[in-house]
Amino acid sequence: MRTLSEPSYAHFVPRVNKLRTAPSGEPGEDAAPLPPARLRTALTVFFALDGFLFAGWVVRIPAIKHRTGATASTLGLALLGVSAGAVITMMLTGRLCRRYGSHTVTVVCGVLLSPSIALPAQTGSALTLGLVLLLFGAAYGGMNVSMNSAAVDLVTALRRPVMPGFHAAFSFGGMAGAGLGGLVAGGLPPATHLAALTGIGLAVTAVSGPVLLRGGPAAPPSEQRAANGSEPSKGMSARARRTVVLFGVIALCTAYGEGALAEWGALHLGQDLDASPGLAAAGYSLFALTMAVGRLSGTALLERFGQTRTLVTGGATAAAGMLLGALAPVLWLALLGFAVAGLGLANIFPVAVGRAGALAGPSGVAAASTLGYGGMLLGPPVIGFLADWTSLPVALTTVTLLASTAAVLGYSARNATNN
């Protein structure tokens, strides 16, 4: 059960920006032409697409590394292009969501993300790889802020902690993308594979995008927030800002591990444990599967045990799993460690971003996402440098350190409120 000092989840979610199935005629209230269930389905598809495309790219990193002739450190520098592109656009995306609505921005970013996935396979050097990854990172970062902002609005409408369900869709998409990549890694060139992913991404966006656009708010988002008095950027207290930063750092600590496994997990299994290309890709697929399963149970866990126990237990579990995954001497133990790490990390990021969004709307989502995805995207180049200085298994143990830090910070946030 929840600790006595910890507020219930509903206490965290103010009744602002609430979606409605029909206009009530009351001034200042949002009106959604579609029921929340329809919007939830369309938004879930975008989360799944995001994970599918990202995983399709990461499982082909070993082949693209070979094609460009990059070392571990130069590959790490090239991967920094994803980080730079994403972090630059994340805060801008928060402002765009406030002006145009998070649904519109999500669809636009989906259109941009799909073709950008094909660019890395067309490069022949680490320098050009880093440059095209700037574009990929910009689209990826923008889509993550906008779709999480839209998800926070739906959480507000439903008054239930359903955010983990959206991130479960991301994980299932990642599992599917990694699984497909593993199947074709041995026989299909990266350029052909990633070009096919572009076509899939554009087709999915064409089908689900109009549904999301029809479900947007009837009035401009800035007018709605001014009408209901919930504009977050002008009235947030200093304590609320500190809380947003706290949850952003928690997101950073856990996203660091997700990025590390996504972009170095396959290389670790193949290089250090002699796994075949298919089995190496299956390592991230297994990680994504257990993360998705954990997130499917996230709503029930939050409602029964509360935020604090979910965060602390998840961080400790991820730390133990990643220590095993990084240092195990045989393949099956490393795969077990990846699976345990996925279970532990599953619900920490959704809780952190959801709380930041409940406090500060798109601005809170943008701030927490910038920190969180900054950890996901900056972690891989950091690990690349550490791998050159020490070894890749030792570098991966930094995931254990940061997961433990997330558990400690999660406990320190046990009394956080909206005040």
# chains A, B, ... in the order shown; residues from 1 in each chain; ligands from 1
call {"tool": "residues_around", "arguments": {"residues": "Ile250 (chain A)", "least_positions_apart": "3", "cutoff": "7 Å", "atoms": "only C-alpha atoms", "output": "PyMOL selection string"}}
result
chain A and resi 246-247+253-254+352+406+409
call {"tool": "residues_around", "arguments": {"residues": "Leu77 (chain A)", "least_positions_apart": "5", "cutoff": "10 Å", "atoms": "only C-alpha atoms", "output": "list in words"}}
result
Ala70, Thr71, Ala72, Val82, Ser83, Ala126, Leu127, Leu129, Gly130, Leu378, Pro380, Pro381, Val382, Gly384 and Phe385 of chain A
call {"tool": "write_last_selection", "arguments": {"atoms": "all heavy atoms", "output": "mmCIF file, in the first residue's frame"}}
result
data_model
loop_
_atom_site.group_PDB
_atom_site.id
_atom_site.type_symbol
_atom_site.label_atom_id
_atom_site.label_comp_id
_atom_site.auth_asym_id
_atom_site.auth_seq_id
_atom_site.Cartn_x
_atom_site.Cartn_y
_atom_site.Cartn_z
ATOM 1 N N ALA A 70 34.124 3.602 -38.155
ATOM 2 C CA ALA A 70 34.262 4.374 -36.927
ATOM 3 C C ALA A 70 34.808 3.512 -35.796
ATOM 4 O O ALA A 70 34.509 2.319 -35.694
ATOM 5 C CB ALA A 70 32.909 4.960 -36.524
ATOM 6 N N THR A 71 35.625 4.124 -34.922
ATOM 7 C CA THR A 71 36.022 3.482 -33.670
ATOM 8 C C THR A 71 34.920 3.710 -32.644
ATOM 9 O O THR A 71 33.933 4.417 -32.895
ATOM 10 C CB THR A 71 37.337 4.085 -33.155
ATOM 11 O OG1 THR A 71 37.111 5.461 -32.819
ATOM 12 C CG2 THR A 71 38.433 3.986 -34.204
ATOM 13 N N ALA A 72 35.094 3.132 -31.447
ATOM 14 C CA ALA A 72 34.086 3.318 -30.394
ATOM 15 C C ALA A 72 33.935 4.793 -30.050
ATOM 16 O O ALA A 72 32.817 5.298 -29.871
ATOM 17 C CB ALA A 72 34.465 2.508 -29.155
ATOM 18 N N VAL A 82 22.592 12.853 -32.424
ATOM 19 C CA VAL A 82 21.211 12.606 -32.004
ATOM 20 C C VAL A 82 20.903 13.420 -30.760
ATOM 21 O O VAL A 82 19.849 14.055 -30.641
ATOM 22 C CB VAL A 82 20.988 11.101 -31.735
ATOM 23 C CG1 VAL A 82 19.537 10.838 -31.391
ATOM 24 C CG2 VAL A 82 21.404 10.274 -32.937
ATOM 25 N N SER A 83 21.842 13.414 -29.805
ATOM 26 C CA SER A 83 21.647 14.147 -28.556
ATOM 27 C C SER A 83 21.467 15.633 -28.828
ATOM 28 O O SER A 83 20.538 16.265 -28.313
ATOM 29 C CB SER A 83 22.858 13.943 -27.642
ATOM 30 O OG SER A 83 23.145 12.582 -27.478
ATOM 31 N N ALA A 126 32.148 8.871 -40.185
ATOM 32 C CA ALA A 126 31.575 9.230 -38.889
ATOM 33 C C ALA A 126 31.097 10.677 -38.887
ATOM 34 O O ALA A 126 30.100 11.012 -38.234
ATOM 35 C CB ALA A 126 32.609 9.003 -37.781
ATOM 36 N N LEU A 127 31.788 11.561 -39.612
ATOM 37 C CA LEU A 127 31.389 12.970 -39.656
ATOM 38 C C LEU A 127 30.034 13.144 -40.301
ATOM 39 O O LEU A 127 29.142 13.809 -39.746
ATOM 40 C CB LEU A 127 32.444 13.776 -40.417
ATOM 41 C CG LEU A 127 32.120 15.263 -40.635
ATOM 42 C CD1 LEU A 127 31.963 15.972 -39.302
ATOM 43 C CD2 LEU A 127 33.194 15.926 -41.493
ATOM 44 N N LEU A 129 27.791 10.887 -40.701
ATOM 45 C CA LEU A 129 26.811 10.199 -39.862
ATOM 46 C C LEU A 129 26.330 11.128 -38.751
ATOM 47 O O LEU A 129 25.127 11.238 -38.488
ATOM 48 C CB LEU A 129 27.420 8.929 -39.265
ATOM 49 C CG LEU A 129 26.542 8.146 -38.283
ATOM 50 C CD1 LEU A 129 25.282 7.647 -38.973
ATOM 51 C CD2 LEU A 129 27.325 6.979 -37.675
ATOM 52 N N GLY A 130 27.262 11.810 -38.096
ATOM 53 C CA GLY A 130 26.881 12.735 -37.035
ATOM 54 C C GLY A 130 25.998 13.858 -37.535
ATOM 55 O O GLY A 130 25.051 14.272 -36.859
ATOM 56 N N LEU A 378 22.682 11.313 -24.397
ATOM 57 C CA LEU A 378 24.062 11.612 -24.037
ATOM 58 C C LEU A 378 24.774 10.391 -23.462
ATOM 59 O O LEU A 378 25.999 10.297 -23.527
ATOM 60 C CB LEU A 378 24.110 12.763 -23.028
ATOM 61 C CG LEU A 378 23.804 14.154 -23.584
ATOM 62 C CD1 LEU A 378 23.686 15.168 -22.447
ATOM 63 C CD2 LEU A 378 24.868 14.602 -24.567
ATOM 64 N N PRO A 380 24.930 7.171 -24.497
ATOM 65 C CA PRO A 380 25.720 6.370 -25.438
ATOM 66 C C PRO A 380 27.083 6.947 -25.786
ATOM 67 O O PRO A 380 28.072 6.210 -25.768
ATOM 68 C CB PRO A 380 24.787 6.278 -26.662
ATOM 69 C CG PRO A 380 23.423 6.345 -26.077
ATOM 70 C CD PRO A 380 23.531 7.319 -24.942
ATOM 71 N N PRO A 381 27.221 8.264 -26.105
ATOM 72 C CA PRO A 381 28.579 8.757 -26.354
ATOM 73 C C PRO A 381 29.473 8.704 -25.130
ATOM 74 O O PRO A 381 30.673 8.438 -25.253
ATOM 75 C CB PRO A 381 28.358 10.204 -26.833
ATOM 76 C CG PRO A 381 26.968 10.549 -26.504
ATOM 77 C CD PRO A 381 26.203 9.282 -26.464
ATOM 78 N N VAL A 382 28.904 8.941 -23.942
ATOM 79 C CA VAL A 382 29.708 8.829 -22.717
ATOM 80 C C VAL A 382 30.236 7.408 -22.570
ATOM 81 O O VAL A 382 31.415 7.177 -22.261
ATOM 82 C CB VAL A 382 28.876 9.240 -21.486
ATOM 83 C CG1 VAL A 382 29.605 8.871 -20.191
ATOM 84 C CG2 VAL A 382 28.594 10.734 -21.515
ATOM 85 N N GLY A 384 30.715 5.327 -24.947
ATOM 86 C CA GLY A 384 31.714 5.104 -25.988
ATOM 87 C C GLY A 384 33.102 5.541 -25.555
ATOM 88 O O GLY A 384 34.091 4.819 -25.746
ATOM 89 N N PHE A 385 33.199 6.721 -24.932
ATOM 90 C CA PHE A 385 34.485 7.192 -24.449
ATOM 91 C C PHE A 385 35.012 6.300 -23.321
ATOM 92 O O PHE A 385 36.195 5.944 -23.288
ATOM 93 C CB PHE A 385 34.374 8.638 -23.973
ATOM 94 C CG PHE A 385 34.246 9.626 -25.084
ATOM 95 C CD1 PHE A 385 33.116 10.421 -25.207
ATOM 96 C CD2 PHE A 385 35.248 9.764 -26.030
ATOM 97 C CE1 PHE A 385 32.995 11.338 -26.235
ATOM 98 C CE2 PHE A 385 35.142 10.676 -27.066
ATOM 99 C CZ PHE A 385 34.008 11.463 -27.171
#
call {"tool": "closest_atom_pairs", "arguments": {"of": "region 231-327 of chain A", "to": "region 56-63 of chain A", "cutoff": "12 Å", "atoms": "only C-alpha atoms", "output": "CSV"}}
result
residue,atom,partner,partner_atom,distance
A:Glu258,CA,A:Val58,CA,11.6
A:Gly259,CA,A:Val58,CA,9.5
A:Ala260,CA,A:Val58,CA,10.5
A:Leu261,CA,A:Val58,CA,9.6
A:Ala262,CA,A:Val58,CA,6.1
A:Glu263,CA,A:Val58,CA,5.4
A:Trp264,CA,A:Val58,CA,8.6
A:Gly265,CA,A:Val59,CA,9.1
A:Ala266,CA,A:Val59,CA,6.9
A:Leu267,CA,A:Pro62,CA,6.4
A:His268,CA,A:Pro62,CA,10.2
A:Leu269,CA,A:Pro62,CA,11.2
A:Gly270,CA,A:Pro62,CA,9.2
A:Gln271,CA,A:Pro62,CA,9.9
A:Ser276,CA,A:Pro62,CA,11.8
A:Pro277,CA,A:Pro62,CA,8.9
A:Gly278,CA,A:Val59,CA,9.5
A:Leu279,CA,A:Val59,CA,10.9
A:Ala280,CA,A:Val59,CA,8.4
A:Ala281,CA,A:Val59,CA,5.7
A:Ala282,CA,A:Val59,CA,9.0
A:Gly283,CA,A:Val59,CA,9.8
A:Tyr284,CA,A:Val59,CA,8.0
A:Ser285,CA,A:Val59,CA,9.3
call {"tool": "atom_distance", "arguments": {"atom1": "CA of Ala292 (chain A)", "atom2": "CA of Ala346 (chain A)"}}
result
6.9 Å
call {"tool": "select_by_dssp", "arguments": {"residues": "region 94-127 of chain A", "states": "helix (DSSP H, G or I)", "output": "JSON, numbers by chain"}}
result
{"A": [94, 95, 96, 97, 98, 99, 100, 102, 103, 104, 105, 106, 107, 108, 109, 110, 111, 112, 113, 114, 115, 116, 120, 121, 122, 126, 127]}
call {"tool": "decode", "arguments": {"residues": "region 245-280 of chain A", "atoms": "N, CA, C and O atoms", "output": "PDB file, in the first residue's frame"}}
result
ATOM      1  N   VAL A 245      12.300  19.851 -11.815  1.00  0.00           N
ATOM      2  CA  VAL A 245      13.708  19.520 -12.055  1.00  0.00           C
ATOM      3  C   VAL A 245      14.059  18.181 -11.408  1.00  0.00           C
ATOM      4  O   VAL A 245      14.769  17.352 -11.999  1.00  0.00           O
ATOM      5  N   LEU A 246      13.551  17.946 -10.195  1.00  0.00           N
ATOM      6  CA  LEU A 246      13.825  16.681  -9.507  1.00  0.00           C
ATOM      7  C   LEU A 246      13.347  15.496 -10.339  1.00  0.00           C
ATOM      8  O   LEU A 246      14.092  14.522 -10.557  1.00  0.00           O
ATOM      9  N   PHE A 247      12.124  15.583 -10.842  1.00  0.00           N
ATOM     10  CA  PHE A 247      11.613  14.478 -11.647  1.00  0.00           C
ATOM     11  C   PHE A 247      12.318  14.397 -12.995  1.00  0.00           C
ATOM     12  O   PHE A 247      12.465  13.314 -13.566  1.00  0.00           O
ATOM     13  N   GLY A 248      12.786  15.532 -13.500  1.00  0.00           N
ATOM     14  CA  GLY A 248      13.579  15.493 -14.717  1.00  0.00           C
ATOM     15  C   GLY A 248      14.891  14.757 -14.522  1.00  0.00           C
ATOM     16  O   GLY A 248      15.332  13.996 -15.396  1.00  0.00           O
ATOM     17  N   VAL A 249      15.524  14.945 -13.369  1.00  0.00           N
ATOM     18  CA  VAL A 249      16.777  14.240 -13.082  1.00  0.00           C
ATOM     19  C   VAL A 249      16.518  12.740 -12.904  1.00  0.00           C
ATOM     20  O   VAL A 249      17.313  11.901 -13.337  1.00  0.00           O
ATOM     21  N   ILE A 250      15.403  12.388 -12.272  1.00  0.00           N
ATOM     22  CA  ILE A 250      15.037  10.970 -12.159  1.00  0.00           C
ATOM     23  C   ILE A 250      14.877  10.369 -13.559  1.00  0.00           C
ATOM     24  O   ILE A 250      15.358   9.265 -13.844  1.00  0.00           O
ATOM     25  N   ALA A 251      14.195  11.102 -14.435  1.00  0.00           N
ATOM     26  CA  ALA A 251      14.038  10.627 -15.813  1.00  0.00           C
ATOM     27  C   ALA A 251      15.386  10.476 -16.496  1.00  0.00           C
ATOM     28  O   ALA A 251      15.630   9.511 -17.225  1.00  0.00           O
ATOM     29  N   LEU A 252      16.286  11.424 -16.261  1.00  0.00           N
ATOM     30  CA  LEU A 252      17.619  11.354 -16.857  1.00  0.00           C
ATOM     31  C   LEU A 252      18.351  10.086 -16.432  1.00  0.00           C
ATOM     32  O   LEU A 252      18.948   9.386 -17.256  1.00  0.00           O
ATOM     33  N   CYS A 253      18.311   9.794 -15.133  1.00  0.00           N
ATOM     34  CA  CYS A 253      19.051   8.635 -14.612  1.00  0.00           C
ATOM     35  C   CYS A 253      18.581   7.337 -15.242  1.00  0.00           C
ATOM     36  O   CYS A 253      19.386   6.443 -15.542  1.00  0.00           O
ATOM     37  N   THR A 254      17.273   7.214 -15.451  1.00  0.00           N
ATOM     38  CA  THR A 254      16.757   5.961 -15.997  1.00  0.00           C
ATOM     39  C   THR A 254      16.859   5.914 -17.522  1.00  0.00           C
ATOM     40  O   THR A 254      17.116   4.863 -18.105  1.00  0.00           O
ATOM     41  N   ALA A 255      16.659   7.070 -18.177  1.00  0.00           N
ATOM     42  CA  ALA A 255      16.771   7.094 -19.635  1.00  0.00           C
ATOM     43  C   ALA A 255      18.202   6.845 -20.078  1.00  0.00           C
ATOM     44  O   ALA A 255      18.434   6.333 -21.177  1.00  0.00           O
ATOM     45  N   TYR A 256      19.170   7.202 -19.240  1.00  0.00           N
ATOM     46  CA  TYR A 256      20.566   6.887 -19.528  1.00  0.00           C
ATOM     47  C   TYR A 256      20.724   5.385 -19.764  1.00  0.00           C
ATOM     48  O   TYR A 256      21.380   4.951 -20.710  1.00  0.00           O
ATOM     49  N   GLY A 257      20.099   4.590 -18.906  1.00  0.00           N
ATOM     50  CA  GLY A 257      20.187   3.137 -19.051  1.00  0.00           C
ATOM     51  C   GLY A 257      19.482   2.640 -20.288  1.00  0.00           C
ATOM     52  O   GLY A 257      19.976   1.742 -20.984  1.00  0.00           O
ATOM     53  N   GLU A 258      18.339   3.232 -20.612  1.00  0.00           N
ATOM     54  CA  GLU A 258      17.609   2.804 -21.804  1.00  0.00           C
ATOM     55  C   GLU A 258      18.408   3.109 -23.067  1.00  0.00           C
ATOM     56  O   GLU A 258      18.502   2.293 -23.986  1.00  0.00           O
ATOM     57  N   GLY A 259      19.011   4.299 -23.108  1.00  0.00           N
ATOM     58  CA  GLY A 259      19.834   4.643 -24.264  1.00  0.00           C
ATOM     59  C   GLY A 259      21.071   3.774 -24.373  1.00  0.00           C
ATOM     60  O   GLY A 259      21.487   3.392 -25.468  1.00  0.00           O
ATOM     61  N   ALA A 260      21.670   3.450 -23.214  1.00  0.00           N
ATOM     62  CA  ALA A 260      22.877   2.613 -23.222  1.00  0.00           C
ATOM     63  C   ALA A 260      22.583   1.237 -23.798  1.00  0.00           C
ATOM     64  O   ALA A 260      23.336   0.714 -24.636  1.00  0.00           O
ATOM     65  N   LEU A 261      21.485   0.626 -23.363  1.00  0.00           N
ATOM     66  CA  LEU A 261      21.140  -0.699 -23.870  1.00  0.00           C
ATOM     67  C   LEU A 261      20.718  -0.644 -25.333  1.00  0.00           C
ATOM     68  O   LEU A 261      20.996  -1.568 -26.111  1.00  0.00           O
ATOM     69  N   ALA A 262      20.051   0.445 -25.716  1.00  0.00           N
ATOM     70  CA  ALA A 262      19.596   0.555 -27.093  1.00  0.00           C
ATOM     71  C   ALA A 262      20.770   0.646 -28.061  1.00  0.00           C
ATOM     72  O   ALA A 262      20.765  -0.002 -29.117  1.00  0.00           O
ATOM     73  N   GLU A 263      21.774   1.442 -27.716  1.00  0.00           N
ATOM     74  CA  GLU A 263      22.816   1.731 -28.698  1.00  0.00           C
ATOM     75  C   GLU A 263      24.121   0.977 -28.454  1.00  0.00           C
ATOM     76  O   GLU A 263      24.986   0.948 -29.333  1.00  0.00           O
ATOM     77  N   TRP A 264      24.282   0.355 -27.272  1.00  0.00           N
ATOM     78  CA  TRP A 264      25.502  -0.412 -27.013  1.00  0.00           C
ATOM     79  C   TRP A 264      25.233  -1.863 -26.633  1.00  0.00           C
ATOM     80  O   TRP A 264      26.147  -2.679 -26.589  1.00  0.00           O
ATOM     81  N   GLY A 265      23.961  -2.186 -26.342  1.00  0.00           N
ATOM     82  CA  GLY A 265      23.650  -3.544 -25.912  1.00  0.00           C
ATOM     83  C   GLY A 265      23.987  -4.591 -26.960  1.00  0.00           C
ATOM     84  O   GLY A 265      24.631  -5.605 -26.673  1.00  0.00           O
ATOM     85  N   ALA A 266      23.575  -4.346 -28.204  1.00  0.00           N
ATOM     86  CA  ALA A 266      23.850  -5.312 -29.269  1.00  0.00           C
ATOM     87  C   ALA A 266      25.347  -5.455 -29.503  1.00  0.00           C
ATOM     88  O   ALA A 266      25.861  -6.568 -29.708  1.00  0.00           O
ATOM     89  N   LEU A 267      26.075  -4.336 -29.450  1.00  0.00           N
ATOM     90  CA  LEU A 267      27.520  -4.392 -29.653  1.00  0.00           C
ATOM     91  C   LEU A 267      28.207  -5.154 -28.521  1.00  0.00           C
ATOM     92  O   LEU A 267      29.139  -5.930 -28.747  1.00  0.00           O
ATOM     93  N   HIS A 268      27.731  -4.960 -27.291  1.00  0.00           N
ATOM     94  CA  HIS A 268      28.293  -5.679 -26.145  1.00  0.00           C
ATOM     95  C   HIS A 268      28.111  -7.182 -26.301  1.00  0.00           C
ATOM     96  O   HIS A 268      29.051  -7.973 -26.102  1.00  0.00           O
ATOM     97  N   LEU A 269      26.905  -7.599 -26.671  1.00  0.00           N
ATOM     98  CA  LEU A 269      26.636  -9.028 -26.803  1.00  0.00           C
ATOM     99  C   LEU A 269      27.443  -9.644 -27.946  1.00  0.00           C
ATOM    100  O   LEU A 269      27.954 -10.764 -27.824  1.00  0.00           O
ATOM    101  N   GLY A 270      27.568  -8.925 -29.045  1.00  0.00           N
ATOM    102  CA  GLY A 270      28.314  -9.461 -30.177  1.00  0.00           C
ATOM    103  C   GLY A 270      29.820  -9.419 -29.985  1.00  0.00           C
ATOM    104  O   GLY A 270      30.529 -10.384 -30.301  1.00  0.00           O
ATOM    105  N   GLN A 271      30.318  -8.303 -29.462  1.00  0.00           N
ATOM    106  CA  GLN A 271      31.758  -8.108 -29.344  1.00  0.00           C
ATOM    107  C   GLN A 271      32.362  -8.832 -28.146  1.00  0.00           C
ATOM    108  O   GLN A 271      33.432  -9.442 -28.247  1.00  0.00           O
ATOM    109  N   ASP A 272      31.675  -8.791 -27.007  1.00  0.00           N
ATOM    110  CA  ASP A 272      32.242  -9.333 -25.772  1.00  0.00           C
ATOM    111  C   ASP A 272      31.793 -10.755 -25.464  1.00  0.00           C
ATOM    112  O   ASP A 272      32.471 -11.473 -24.727  1.00  0.00           O
ATOM    113  N   LEU A 273      30.637 -11.163 -26.001  1.00  0.00           N
ATOM    114  CA  LEU A 273      30.119 -12.492 -25.697  1.00  0.00           C
ATOM    115  C   LEU A 273      29.902 -13.334 -26.954  1.00  0.00           C
ATOM    116  O   LEU A 273      29.280 -14.396 -26.885  1.00  0.00           O
ATOM    117  N   ASP A 274      30.403 -12.867 -28.095  1.00  0.00           N
ATOM    118  CA  ASP A 274      30.394 -13.625 -29.347  1.00  0.00           C
ATOM    119  C   ASP A 274      29.002 -14.036 -29.812  1.00  0.00           C
ATOM    120  O   ASP A 274      28.824 -15.110 -30.396  1.00  0.00           O
ATOM    121  N   ALA A 275      28.012 -13.188 -29.545  1.00  0.00           N
ATOM    122  CA  ALA A 275      26.664 -13.486 -30.026  1.00  0.00           C
ATOM    123  C   ALA A 275      26.580 -13.220 -31.527  1.00  0.00           C
ATOM    124  O   ALA A 275      27.258 -12.339 -32.067  1.00  0.00           O
ATOM    125  N   SER A 276      25.747 -13.977 -32.225  1.00  0.00           N
ATOM    126  CA  SER A 276      25.505 -13.742 -33.644  1.00  0.00           C
ATOM    127  C   SER A 276      24.741 -12.427 -33.810  1.00  0.00           C
ATOM    128  O   SER A 276      24.156 -11.914 -32.851  1.00  0.00           O
ATOM    129  N   PRO A 277      24.728 -11.842 -35.032  1.00  0.00           N
ATOM    130  CA  PRO A 277      23.982 -10.595 -35.229  1.00  0.00           C
ATOM    131  C   PRO A 277      22.512 -10.699 -34.816  1.00  0.00           C
ATOM    132  O   PRO A 277      21.961  -9.771 -34.223  1.00  0.00           O
ATOM    133  N   GLY A 278      21.889 -11.842 -35.101  1.00  0.00           N
ATOM    134  CA  GLY A 278      20.495 -12.014 -34.720  1.00  0.00           C
ATOM    135  C   GLY A 278      20.297 -12.047 -33.218  1.00  0.00           C
ATOM    136  O   GLY A 278      19.395 -11.406 -32.678  1.00  0.00           O
ATOM    137  N   LEU A 279      21.150 -12.795 -32.498  1.00  0.00           N
ATOM    138  CA  LEU A 279      21.046 -12.866 -31.046  1.00  0.00           C
ATOM    139  C   LEU A 279      21.404 -11.539 -30.399  1.00  0.00           C
ATOM    140  O   LEU A 279      20.819 -11.145 -29.382  1.00  0.00           O
ATOM    141  N   ALA A 280      22.366 -10.832 -30.969  1.00  0.00           N
ATOM    142  CA  ALA A 280      22.738  -9.530 -30.424  1.00  0.00           C
ATOM    143  C   ALA A 280      21.565  -8.554 -30.517  1.00  0.00           C
ATOM    144  O   ALA A 280      21.278  -7.817 -29.569  1.00  0.00           O
TER     145      ALA A 280
END
